[in-house]
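Participant: Below is a structure I'd like to ask you about.
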Amino acid sequence: MNRIRSSVFSLLLLVFVSASAFAQTRRLSGRVTVEGSNEPLVAASVSVVGTSLGTYTDDQGRFSLNVPAGPVTLRVRRIGYIAKTTAVPAGDTEVNIALGRDVLQLETQVVTGTATTVSSVNAANAVTVVSGEKLNKVPAQTIDYALQGKIPGAIITQNSGAPGGGVQVQLRGVSTINASFLPIYVVDGVIVDNSQIANGINAITAAAGGNFGSTQDQRVNRTADINPNDIESIQVLKGPSASSIYGSRGTNGVIIITTKQGQAGRSNLDVIQRFGTARISNKVGSRCFGSGQEYADWTGDTAVAAIAADIAAYNAATTKCHDYEQELYGEHPFNYQTVASLRGATTGGTNYFVSGLVQHDGGLALNDNYNKQSIRVNLGQKLGSRLNLQANTELIHSLTERGISGNDNTGINPYTTFSQTPSFIDYRKQADGTYPVGLSVNNNSNPFQNTELIKTPEDVFRLLGSGLMSYNLVSQDRQTLDFSVRGGIDAYNDHARVISPATAYVEQVNALPGTLVNNNANIFTGNIGASFTHRLIRDRFTATTSAGIGQVRRNVDILGNTGRGVFPGVTNVASATQIFTTEAQDVVKSQSIFGQEEFLTMGERLLLTAGVNGERTSNNGDAQKYYAYPKFSGSYRVPVPTARIDELKVRLAYGRAGNQPQGGKFTFLTNLIYDGVTGFRTSTALGLPTVKPETASEMEGGFDLTLFGARARFSATQFRKQIDDLLLTAAVAPSTGFASKTINGGQIVNHGTELELEMTPIRTDRFSWVSGTTYSSAKGKVTRLPVPGFIPVSGSFGSRFGNAFVQQGQLITVLQAVNGCTALNAAGTSCPSANRVLVFVGNSAPDYEMGFSNDFSAGPFRLSSLLDWRKGGLGVNLTNDYFYGSGLAKDTALATRQLAAFRKGVDVWVENSGFLKLRELTLGYELPTEMASRLFNGHAQNARIELSGRNLFTRTRYTGLDPEVSNFGNQALGRFQDVTPYPPSRLFYFTIATTF
Amino acid sequence: MKRYTTIVIALAALAAAGCRDNPVANPIDAPTVDQLSGALTGPALQFIATGALAQDRGSTNVFAYAIEAGIFARDVYRIDASEPRFVQETLGGNPDPGSFAGGGAWAAYYTAIRAENAILAALGNVAANQFTPAQVTATRGFFRTMKALEYWRVIEMHDTVGAVIQSDDANAVTDVRCKTAVLSYIAALLDTANADFTAAGGTTTLPFTVPSGWKTSVAGRNYSVVSNLVLLNRGLKGKVDFYRGLNRTNPTPALFATAITEITQALNGAAAGAVPPADFKKGPYYVFVPGGSENTPNTISDSKIGLNPLVKDSVQAGDTRASKIVPRSPTAGFGLATSITYVGAVASTANQALPLGLLRDEELVLLRAQAYIEAGQLANAILDINDVRTNYGLAPVAPADKNSAINAVLYEKRYSLLFEGPQRFDDLREYGRLNATFLRPETSTDPYNAALPIPRAELNARGLTTNPACTP
């Protein structure tokens, strides 16, 4: 009893003593400048190490705060600059600090929870942060294009050259077969929808048959709507070891986007005006007949009169060899982009960022284009010293017209015509305004007429809005408790139409000429969450504890109407002779609870984190059950004796995330029609009422080195990701009345390496060179499969060409095809179907990818480049099949050889799809300040002009239009089918940017 | 500070309120079986009844029903150069359990059985003010009858290989039962259905609209009324009891008398030879709708189909049923050749909409004749045989012994029911005539197939590679 009382007494004494120790303070002021130039550094954070005291510098870079009387250590930091700590002896009241530029981005804040961040110096995961400046070096139509080559561990591939988007981001390989396969995008805390909506061109291409849209509609995934210019930074959580905070959405990684906020200091109006154009960057070409006789031989005509007619037709042609691709895809579009943003803060505690975008990007063919307009208003308000409110909204409108590309069965795709037409035939608009009729085998389609008459507008209106309220409940020197509520919505309407009038020749062969599609997708995603964050700052450690709850809701309603048999000129579906309707709906609700502890100790050298996120969702069989997604990580900044090494951090992280089952728990009723009456019966696909989410567990380890006085940074990471409880379809005994059932089973194991080297080999006053190299590889294997091997639903054209295959013991991205023959036929010319050998050809995913970025600056000039090298990978080039089969391939001899080999059972369509691409190249010039001011009537602070290009140069062994291609759009497996896509383009821009 | 506290509390409360929502959501994209577990309403019953009947139609509208059974009975040919399995796995060799020729007559019927079981389960929980108890009982009897019909179709094509009695548990895979057990199960099911009909009363009508093939305009009777459904039920029971009696592995002669009684009841009590010929074509029909959104044509309308030349050669002079045999362009392949076809098999849109009888009175009359023969009542058998024969311009016959009587009735059945299903196949097999003694080999490797195997998908799911022994 006595012991306890004396302990309590000494504890109280301690409290009073420490309290009294803080009772003595002094006023400390100073100035923070930029190293080298002595400019004031605005909005730099100045804090006292070991306490929660801190403030920000003002317009002049000055700060002033009350600090304890004894000696203190100040830490000064600001994004874009290297943080510095300075010891301030007792008694000093004035201190000046200069910060050097953080050229290599060594110091950023890394998200570790819904309301917690940690300095990247201590971060225990391999997190990649892409600054807005790095993102927007060269203009890009959508953020996915802008991210290509900049994230180690990410394979970002475009699906075709059509304007407006359609790009897939794969982080650390393929992590699923039947569940979600894309990373989630979070903008200012709001989960943003990234669906691909089919616009319905399948109704006129018949790629998949039927009356509605299909996976072959060259769909755009909707993160294309986001304005890249608004982005302050993008942080990528590459796998479950970091993304367990996102629970059952985190398996494929998370891309966290933070938009720009207002900053203290002078308010700035930035205006960027760009002009640009695009040119087709690759063509396949077609055969050029040298003489009428050669053409007659090709037709195979034997009758003398027919041969004479062929030769006459050839001779009559004015141009013997049309370059069809140049004629159709040879537009010189005038592109422009205007970005204006106003950014600042008032003394009243309001900060604002308002921006607007107007963008027009023409496609390569007439009438193809991508237009986007957006307006963003980010407002923040500090109320008192404890309450912070932030509201960010963006309103976006985009209109995309991409024409017709991809697989078709009606003859409407331009390449279907080009591959079957001898190149002396002119398809262009004649002097009298009419178009020649196309080939009857292609339903008379004339691609030039189609470009003029057929419209495929996809019109999107989107609202992104997020709100954040953070309240500082307890603010003591050594302890803070914050409460924050964060929520937002992403609501959009995607209105896609296809107008194919009966005046087009290709429509006139239909029983009901004239087709209209009118699709409306309404998608709403909303999330809200609340959390408490407690920070305890002691001499020996800082402990951050956070806990909170969250909720996500998603509503989808996609209504599609197709009309056939339409009067020319009418665009109203209701007026059609035959009308078809379809609808798809979905409602998903999820709830989560989380708790996390971050323990920073040993002089801020050791960071240990443990957390768990419990989540339940309506997609699971048991919607009430919480599934746990834990994470554990540790990082240690090793004290290094040598001067050359500034920092060496070793890190290890483990985390678990999930992937929701979508629809797997239900046994649906199939509808049948009997004598004109609709009936329903149980589907032959049995659902699993106890279906669970897939679980992905990842262990990641690595180290980060900073060398030579922050002149070089090297990171190495290895990861192993194991996905269990894969959602699979298993065959069942038909005597049960079912043909298949949903099961959880199977396992995929992914492992890989990521390396990053960034350095500034040259850094002088006038000249600097910053170089970055990244390397990433990932390989996934199906280690357990409780069902027989199968072809996933992704879509393919048969094993004679190449398809994905899921088989235990094989790579998840393996490509299977017929390649070999046990015995040819008697004549030795073909392989009987029974003798064809089905093999696993190889890995369709790349072996590794490397990015090389180099920035040179000499005085006011700047030159930056980004090279993307992808090694390995396979594609199935079916575009070649169109040309080889007709005998009109450019290289006739090669085509003949290939076809002969194909008949003998060789798979000639599978090609290496590795490439080296010059993604970005910019040459910029910063105008002298006097010239800049004179240019704009003395209002401009600075101005720069730039010449930039995107995808200027490609080197590849792939013989198709572009090794980056996917006929079926974004999908988990099998995204290597190349079927007459939209050709790729080179983009050129001229930019003038000013700050007022 | 205080004024901000209110804001904070308000926002926190908002967040808390939003966060308390129950995360259970319904899939509103398409109906699921969960929607069947609620109280059954009239519209829902209409949907699921039509669905089950549509599945039943679909399962008979495929190769395995009229066409393949007709080929096994050696009346029908299908010669397709690009698809030799129509001959190689029927008349030229054994059917492969993994192909369409060998794997049929199974999965589609079991899906129909699942659908009918779902209806029977749903009838256990009906909503208020939707149906009278009699209507519920009548519906139950109807779908029990249909379920029995599905099982009959599976076993008549799989014979001694056996069939599975489906469990209510979707995940349970039960034993393959032997033919005798399956036939007993079917018989019991039909009797239970009949008890339902008795309880419902003859004047009760089904509380849902039946397809036109079950209505008077096509069927000759209104099969919505229980009294007519009883006719169908008793007819089926009589057929099943007859074949149970004749079962080569386990004959039960006592059942022939039962069969006669039941078929007589199905024929409205008409005595031997007293069924009016106008009734011959009465019975439920499957109707087909080519084109449109339904797009379900009758699959026998097929230019690759022909009839075995023996069909024409064996017609007796003056038989008006010879009009069912029409010439076609000569076709040959894989050892077969023909230049005749069935009138309903000529490829045309009219034939694509040709209805198919389920169990016509004409078949019942001849079945009764067969039962009379086996029961030793030769005179009555002759009356029924002649009732049919004379309707088609033929002189009456008077076979003196059982064997010639069987020959006579088989002739009538062959031409009365030409290309209408597996009836002849069943008879040839049950009478032990599916062999070279009675029938010529159609190809040099004719195996005289008597049954389809268990399909490959079923074997795979059970981890087997060959047919398992059936459980008695």
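Following the order of the structure tokens, first chain is A, next is B, and so on, with residues numbered from 1 inside each chain and ligands from 1 in the order they appear.
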For chain A, report every residue with an atom at most 8 Å from chain B (counting only C-alpha atoms), formatted as a ChimeraX atom specification.
Facilitator: /A:383-384,387,469,471,485,528-530,549-551,583-591,616-618,623-624,663,666-669,671-682,684,686,731-739
Participant: Can you list, as a ChimeraX atom specification, every residue of range 26-260 of chain A that DSSP puts in strand (DSSP E or B)?
Facilitator: /A:26-34,40,45-48,54-56,62-68,72-77,81,84-88,94-99,101,109-111,117-119,128-131,154-158,167-171,184-187,190-192,196,221,231-237,254-259
Participant: Using only C-alpha atoms, which residues sit within 6 Å of range 488-503 of chain A once same-chain residues fewer than 2 positions away are excluded, as a ChimeraX atom specification?
Facilitator: /A:190,192,199,454-467,507-508,513-527,568
Participant: Work out how far CA of Arg343 in chain A is from CA of Ala940 in chain A, in Å to one decimal.
Facilitator: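 Taking CA of Ala940 in chain A as the start and CA of Arg343 in chain A as the end point, the length is 14.8 Å.
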Participant: Skip Gly333 in chain B itself and residues of its chain fewer than 6 positions away, then list as a list in words all residues within 10 Å of it, counting only C-alpha atoms.
Facilitator: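 Residues meeting the cut-off are Arg78, Ile79, Asp80, Ala81, Pro84 and Val87 of chain B.
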Participant: Let's have the selection written as an mmCIF file, in the first residue's frame, with N, CA and C atoms.
Facilitator:
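That gives us again-v3.cif:
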data_model
loop_
_atom_site.group_PDB
_atom_site.id
_atom_site.type_symbol
_atom_site.label_atom_id
_atom_site.label_comp_id
_atom_site.auth_asym_id
_atom_site.auth_seq_id
_atom_site.Cartn_x
_atom_site.Cartn_y
_atom_site.Cartn_z
ATOM 1 N N ARG B 78 -29.226 -39.279 -90.385
ATOM 2 C CA ARG B 78 -28.757 -37.900 -90.547
ATOM 3 C C ARG B 78 -27.350 -37.979 -91.096
ATOM 4 N N ILE B 79 -27.191 -37.513 -92.315
ATOM 5 C CA ILE B 79 -25.901 -37.666 -92.987
ATOM 6 C C ILE B 79 -25.304 -36.265 -93.184
ATOM 7 N N ASP B 80 -24.196 -36.000 -92.495
ATOM 8 C CA ASP B 80 -23.567 -34.671 -92.526
ATOM 9 C C ASP B 80 -22.074 -34.871 -92.706
ATOM 10 N N ALA B 81 -21.549 -34.440 -93.858
ATOM 11 C CA ALA B 81 -20.130 -34.680 -94.158
ATOM 12 C C ALA B 81 -19.218 -34.048 -93.113
ATOM 13 N N PRO B 84 -19.468 -36.340 -88.870
ATOM 14 C CA PRO B 84 -19.703 -37.772 -89.033
ATOM 15 C C PRO B 84 -20.272 -38.445 -87.798
ATOM 16 N N VAL B 87 -23.522 -40.442 -87.550
ATOM 17 C CA VAL B 87 -23.565 -41.849 -87.975
ATOM 18 C C VAL B 87 -22.567 -42.670 -87.164
#
Participant: What is the CA of Gly161 in chain A to CA of Leu182 in chain A distance in Å?
Facilitator: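 If I compute the distance from CA of Gly161 in chain A to CA of Leu182 in chain A, I get 20.4 Å.
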Participant: Please measure the separation of CA of Met699 in chain A and CA of Val749 in chain A, giving the value in Å to one decimal.
Facilitator: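 These atoms are spaced 11.3 Å apart.
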Participant: Would you list the contacts of range 423-434 of chain A as a list in words, taking every protein, DNA or RNA residue within 7 Å and counting only C-alpha atoms, but skipping same-chain residues closer than 4 positions in sequence?
Facilitator: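 The residues that qualify are Arg287, Cys288, Tyr314, Ala317, Thr319, Lys320, Cys321, His322, Asn446 and Phe448 of chain A.
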Participant: Atoms to include: all heavy atoms. Write the selected residues as a PDB file, in the first residue's frame.
Facilitator:
ATOM      1  N   ARG A 287      -0.381  -4.549 -99.969  1.00  0.00           N
ATOM      2  CA  ARG A 287       0.346  -4.922-101.182  1.00  0.00           C
ATOM      3  C   ARG A 287       0.131  -3.922-102.298  1.00  0.00           C
ATOM      4  O   ARG A 287      -0.970  -3.420-102.497  1.00  0.00           O
ATOM      5  CB  ARG A 287      -0.156  -6.298-101.628  1.00  0.00           C
ATOM      6  CG  ARG A 287       0.502  -6.849-102.876  1.00  0.00           C
ATOM      7  CD  ARG A 287      -0.017  -8.246-103.110  1.00  0.00           C
ATOM      8  NE  ARG A 287       0.573  -8.831-104.309  1.00  0.00           N
ATOM      9  CZ  ARG A 287       0.308 -10.052-104.731  1.00  0.00           C
ATOM     10  NH1 ARG A 287      -0.543 -10.805-104.032  1.00  0.00           N
ATOM     11  NH2 ARG A 287       0.865 -10.516-105.821  1.00  0.00           N
ATOM     12  N   CYS A 288       1.174  -3.672-102.993  1.00  0.00           N
ATOM     13  CA  CYS A 288       1.093  -2.759-104.123  1.00  0.00           C
ATOM     14  C   CYS A 288       1.290  -3.560-105.416  1.00  0.00           C
ATOM     15  O   CYS A 288       2.345  -4.157-105.603  1.00  0.00           O
ATOM     16  CB  CYS A 288       2.193  -1.698-103.989  1.00  0.00           C
ATOM     17  SG  CYS A 288       2.106  -0.405-105.199  1.00  0.00           S
ATOM     18  N   TYR A 314      -7.295  -2.028-113.545  1.00  0.00           N
ATOM     19  CA  TYR A 314      -6.031  -1.594-112.952  1.00  0.00           C
ATOM     20  C   TYR A 314      -5.475  -0.398-113.706  1.00  0.00           C
ATOM     21  O   TYR A 314      -5.046   0.592-113.104  1.00  0.00           O
ATOM     22  CB  TYR A 314      -5.022  -2.760-112.974  1.00  0.00           C
ATOM     23  CG  TYR A 314      -3.667  -2.393-112.435  1.00  0.00           C
ATOM     24  CD1 TYR A 314      -3.409  -2.423-111.071  1.00  0.00           C
ATOM     25  CD2 TYR A 314      -2.631  -1.996-113.295  1.00  0.00           C
ATOM     26  CE1 TYR A 314      -2.165  -2.088-110.576  1.00  0.00           C
ATOM     27  CE2 TYR A 314      -1.398  -1.650-112.797  1.00  0.00           C
ATOM     28  CZ  TYR A 314      -1.169  -1.701-111.444  1.00  0.00           C
ATOM     29  OH  TYR A 314       0.062  -1.351-110.948  1.00  0.00           O
ATOM     30  N   ALA A 317      -7.068   3.052-113.101  1.00  0.00           N
ATOM     31  CA  ALA A 317      -6.926   3.719-111.798  1.00  0.00           C
ATOM     32  C   ALA A 317      -5.882   4.821-111.877  1.00  0.00           C
ATOM     33  O   ALA A 317      -4.797   4.622-112.413  1.00  0.00           O
ATOM     34  CB  ALA A 317      -6.533   2.705-110.740  1.00  0.00           C
ATOM     35  N   THR A 319      -4.389   6.362-109.182  1.00  0.00           N
ATOM     36  CA  THR A 319      -3.330   6.029-108.222  1.00  0.00           C
ATOM     37  C   THR A 319      -3.265   4.521-108.120  1.00  0.00           C
ATOM     38  O   THR A 319      -4.253   3.870-107.791  1.00  0.00           O
ATOM     39  CB  THR A 319      -3.657   6.611-106.839  1.00  0.00           C
ATOM     40  OG1 THR A 319      -4.072   7.961-106.993  1.00  0.00           O
ATOM     41  CG2 THR A 319      -2.475   6.529-105.897  1.00  0.00           C
ATOM     42  N   LYS A 320      -2.107   3.953-108.414  1.00  0.00           N
ATOM     43  CA  LYS A 320      -1.997   2.496-108.429  1.00  0.00           C
ATOM     44  C   LYS A 320      -1.882   1.916-107.023  1.00  0.00           C
ATOM     45  O   LYS A 320      -2.269   0.791-106.770  1.00  0.00           O
ATOM     46  CB  LYS A 320      -0.771   2.065-109.261  1.00  0.00           C
ATOM     47  CG  LYS A 320      -0.819   2.517-110.701  1.00  0.00           C
ATOM     48  CD  LYS A 320      -1.871   1.759-111.496  1.00  0.00           C
ATOM     49  CE  LYS A 320      -1.846   2.181-112.952  1.00  0.00           C
ATOM     50  NZ  LYS A 320      -3.067   2.869-113.364  1.00  0.00           N
ATOM     51  N   CYS A 321      -1.307   2.721-106.130  1.00  0.00           N
ATOM     52  CA  CYS A 321      -1.108   2.207-104.762  1.00  0.00           C
ATOM     53  C   CYS A 321      -1.534   3.248-103.741  1.00  0.00           C
ATOM     54  O   CYS A 321      -0.749   4.120-103.370  1.00  0.00           O
ATOM     55  CB  CYS A 321       0.374   1.874-104.540  1.00  0.00           C
ATOM     56  SG  CYS A 321       0.916   0.523-105.572  1.00  0.00           S
ATOM     57  N   HIS A 322      -2.763   3.139-103.300  1.00  0.00           N
ATOM     58  CA  HIS A 322      -3.228   4.041-102.245  1.00  0.00           C
ATOM     59  C   HIS A 322      -2.641   3.641-100.898  1.00  0.00           C
ATOM     60  O   HIS A 322      -2.537   2.450-100.594  1.00  0.00           O
ATOM     61  CB  HIS A 322      -4.751   3.978-102.133  1.00  0.00           C
ATOM     62  CG  HIS A 322      -5.481   4.666-103.244  1.00  0.00           C
ATOM     63  ND1 HIS A 322      -5.851   5.994-103.165  1.00  0.00           N
ATOM     64  CD2 HIS A 322      -5.882   4.228-104.456  1.00  0.00           C
ATOM     65  CE1 HIS A 322      -6.466   6.328-104.285  1.00  0.00           C
ATOM     66  NE2 HIS A 322      -6.497   5.280-105.085  1.00  0.00           N
ATOM     67  N   ASN A 446     -17.842   1.248 -96.797  1.00  0.00           N
ATOM     68  CA  ASN A 446     -16.795   2.171 -97.209  1.00  0.00           C
ATOM     69  C   ASN A 446     -16.337   2.905 -95.958  1.00  0.00           C
ATOM     70  O   ASN A 446     -17.082   3.726 -95.408  1.00  0.00           O
ATOM     71  CB  ASN A 446     -17.339   3.159 -98.246  1.00  0.00           C
ATOM     72  CG  ASN A 446     -16.265   4.142 -98.699  1.00  0.00           C
ATOM     73  OD1 ASN A 446     -15.359   4.497 -97.946  1.00  0.00           O
ATOM     74  ND2 ASN A 446     -16.377   4.596 -99.938  1.00  0.00           N
ATOM     75  N   PHE A 448     -14.453   5.359 -95.376  1.00  0.00           N
ATOM     76  CA  PHE A 448     -14.445   6.813 -95.436  1.00  0.00           C
ATOM     77  C   PHE A 448     -15.865   7.346 -95.266  1.00  0.00           C
ATOM     78  O   PHE A 448     -16.096   8.333 -94.561  1.00  0.00           O
ATOM     79  CB  PHE A 448     -13.844   7.293 -96.764  1.00  0.00           C
ATOM     80  CG  PHE A 448     -12.380   6.952 -96.879  1.00  0.00           C
ATOM     81  CD1 PHE A 448     -11.971   5.714 -97.343  1.00  0.00           C
ATOM     82  CD2 PHE A 448     -11.419   7.876 -96.489  1.00  0.00           C
ATOM     83  CE1 PHE A 448     -10.627   5.389 -97.428  1.00  0.00           C
ATOM     84  CE2 PHE A 448     -10.072   7.557 -96.576  1.00  0.00           C
ATOM     85  CZ  PHE A 448      -9.679   6.315 -97.042  1.00  0.00           C
TER      86      PHE A 448
END
Participant: Can you tell me which residues surround Gln265 in chain B at a distance of at most 10 Å, considering only C-alpha atoms, apart from same-chain residues fewer than 4 positions away, and format the answer as a list of chain:residue names?
Facilitator: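 Listing them by chain and then by number gives B:Val230, B:Leu231, B:Leu232, B:Asn233, B:Arg234, B:Gly235, B:Gly238, B:Ala259, B:Ile260, B:Thr261, B:Gly269, B:Ala270, B:Ala271.
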Participant: Can you pull out the residues contacting Ala43 in chain A? Cut-off 10 Å, using only C-alpha atoms, and skip same-chain residues under 4 positions away; I want them as an mmCIF file with N, CA, C and O atoms, in the first residue's frame.
Facilitator:
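Once written, part13.cif looks like this:
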data_model
loop_
_atom_site.group_PDB
_atom_site.id
_atom_site.type_symbol
_atom_site.label_atom_id
_atom_site.label_comp_id
_atom_site.auth_asym_id
_atom_site.auth_seq_id
_atom_site.Cartn_x
_atom_site.Cartn_y
_atom_site.Cartn_z
ATOM 1 N N VAL A 32 13.453 31.558 -43.108
ATOM 2 C CA VAL A 32 13.814 30.363 -43.876
ATOM 3 C C VAL A 32 13.963 30.769 -45.340
ATOM 4 O O VAL A 32 13.092 31.431 -45.905
ATOM 5 N N THR A 55 4.927 26.061 -36.353
ATOM 6 C CA THR A 55 4.239 27.122 -37.076
ATOM 7 C C THR A 55 4.690 27.080 -38.534
ATOM 8 O O THR A 55 5.443 26.184 -38.922
ATOM 9 N N TYR A 56 4.206 28.024 -39.327
ATOM 10 C CA TYR A 56 4.574 28.076 -40.737
ATOM 11 C C TYR A 56 5.188 29.437 -41.044
ATOM 12 O O TYR A 56 4.850 30.437 -40.417
ATOM 13 N N THR A 57 6.069 29.463 -42.054
ATOM 14 C CA THR A 57 6.655 30.747 -42.432
ATOM 15 C C THR A 57 5.670 31.534 -43.273
ATOM 16 O O THR A 57 4.803 30.985 -43.930
ATOM 17 N N ASP A 58 5.849 32.874 -43.244
ATOM 18 C CA ASP A 58 4.911 33.729 -43.973
ATOM 19 C C ASP A 58 5.463 34.098 -45.347
ATOM 20 O O ASP A 58 6.395 33.477 -45.833
ATOM 21 N N ASP A 59 4.868 35.136 -45.957
ATOM 22 C CA ASP A 59 5.293 35.591 -47.295
ATOM 23 C C ASP A 59 6.766 35.915 -47.391
ATOM 24 O O ASP A 59 7.370 35.744 -48.442
ATOM 25 N N GLN A 60 7.305 36.427 -46.294
ATOM 26 C CA GLN A 60 8.730 36.800 -46.343
ATOM 27 C C GLN A 60 9.613 35.660 -45.857
ATOM 28 O O GLN A 60 10.806 35.853 -45.673
ATOM 29 N N GLY A 61 9.013 34.505 -45.614
ATOM 30 C CA GLY A 61 9.811 33.401 -45.116
ATOM 31 C C GLY A 61 10.088 33.514 -43.620
ATOM 32 O O GLY A 61 10.903 32.786 -43.075
ATOM 33 N N ARG A 62 9.405 34.448 -42.953
ATOM 34 C CA ARG A 62 9.689 34.652 -41.529
ATOM 35 C C ARG A 62 8.736 33.816 -40.676
ATOM 36 O O ARG A 62 7.615 33.539 -41.049
ATOM 37 N N PHE A 63 9.224 33.424 -39.531
ATOM 38 C CA PHE A 63 8.381 32.709 -38.584
ATOM 39 C C PHE A 63 8.678 33.219 -37.183
ATOM 40 O O PHE A 63 9.711 33.828 -36.929
ATOM 41 N N ARG A 77 10.800 21.996 -42.602
ATOM 42 C CA ARG A 77 10.589 21.192 -43.787
ATOM 43 C C ARG A 77 9.530 21.820 -44.676
ATOM 44 O O ARG A 77 8.661 22.562 -44.241
ATOM 45 N N ARG A 78 9.646 21.482 -45.938
ATOM 46 C CA ARG A 78 8.653 21.945 -46.918
ATOM 47 C C ARG A 78 8.759 21.018 -48.113
ATOM 48 O O ARG A 78 9.853 20.648 -48.525
ATOM 49 N N ILE A 79 7.617 20.656 -48.651
ATOM 50 C CA ILE A 79 7.602 19.714 -49.775
ATOM 51 C C ILE A 79 8.381 20.282 -50.943
ATOM 52 O O ILE A 79 8.214 21.441 -51.312
ATOM 53 N N GLN A 263 -2.138 27.793 -51.051
ATOM 54 C CA GLN A 263 -0.951 27.940 -50.219
ATOM 55 C C GLN A 263 -0.861 29.359 -49.708
ATOM 56 O O GLN A 263 -1.254 30.301 -50.389
ATOM 57 N N ALA A 264 -0.257 29.468 -48.551
ATOM 58 C CA ALA A 264 -0.043 30.813 -48.008
ATOM 59 C C ALA A 264 0.914 31.556 -48.921
ATOM 60 O O ALA A 264 1.730 30.979 -49.616
ATOM 61 N N GLY A 265 0.816 32.840 -48.882
ATOM 62 C CA GLY A 265 1.687 33.624 -49.742
ATOM 63 C C GLY A 265 0.856 34.328 -50.787
ATOM 64 O O GLY A 265 -0.361 34.364 -50.730
#
Participant: May I ask which of the residues A:Gln216, A:Ser830, A:Ser985, A:Asn122 is the closest one to Tyr329 in chain A, counting only C-alpha atoms?
Facilitator: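 Nearest to Tyr329 in chain A: A:Ser985.
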Participant: Mind checking DSSP for range 805-881 of chain A and telling me the helix (DSSP H, G or I) residues as a compact mmCIF listing (two decimals) with C-alpha atoms, in the first residue's frame?
Facilitator:
# COMPACT_ATOMS: atom_id res chain seq x y z
CA SER A 833 -6.85 -31.49 -86.43
CA ALA A 834 -6.28 -34.67 -84.45
CA ASN A 835 -2.50 -34.26 -84.76
CA THR A 879 -4.47 -8.22 -87.77
CA ASN A 880 -1.86 -10.01 -89.82
CA ASP A 881 -4.35 -12.83 -90.39
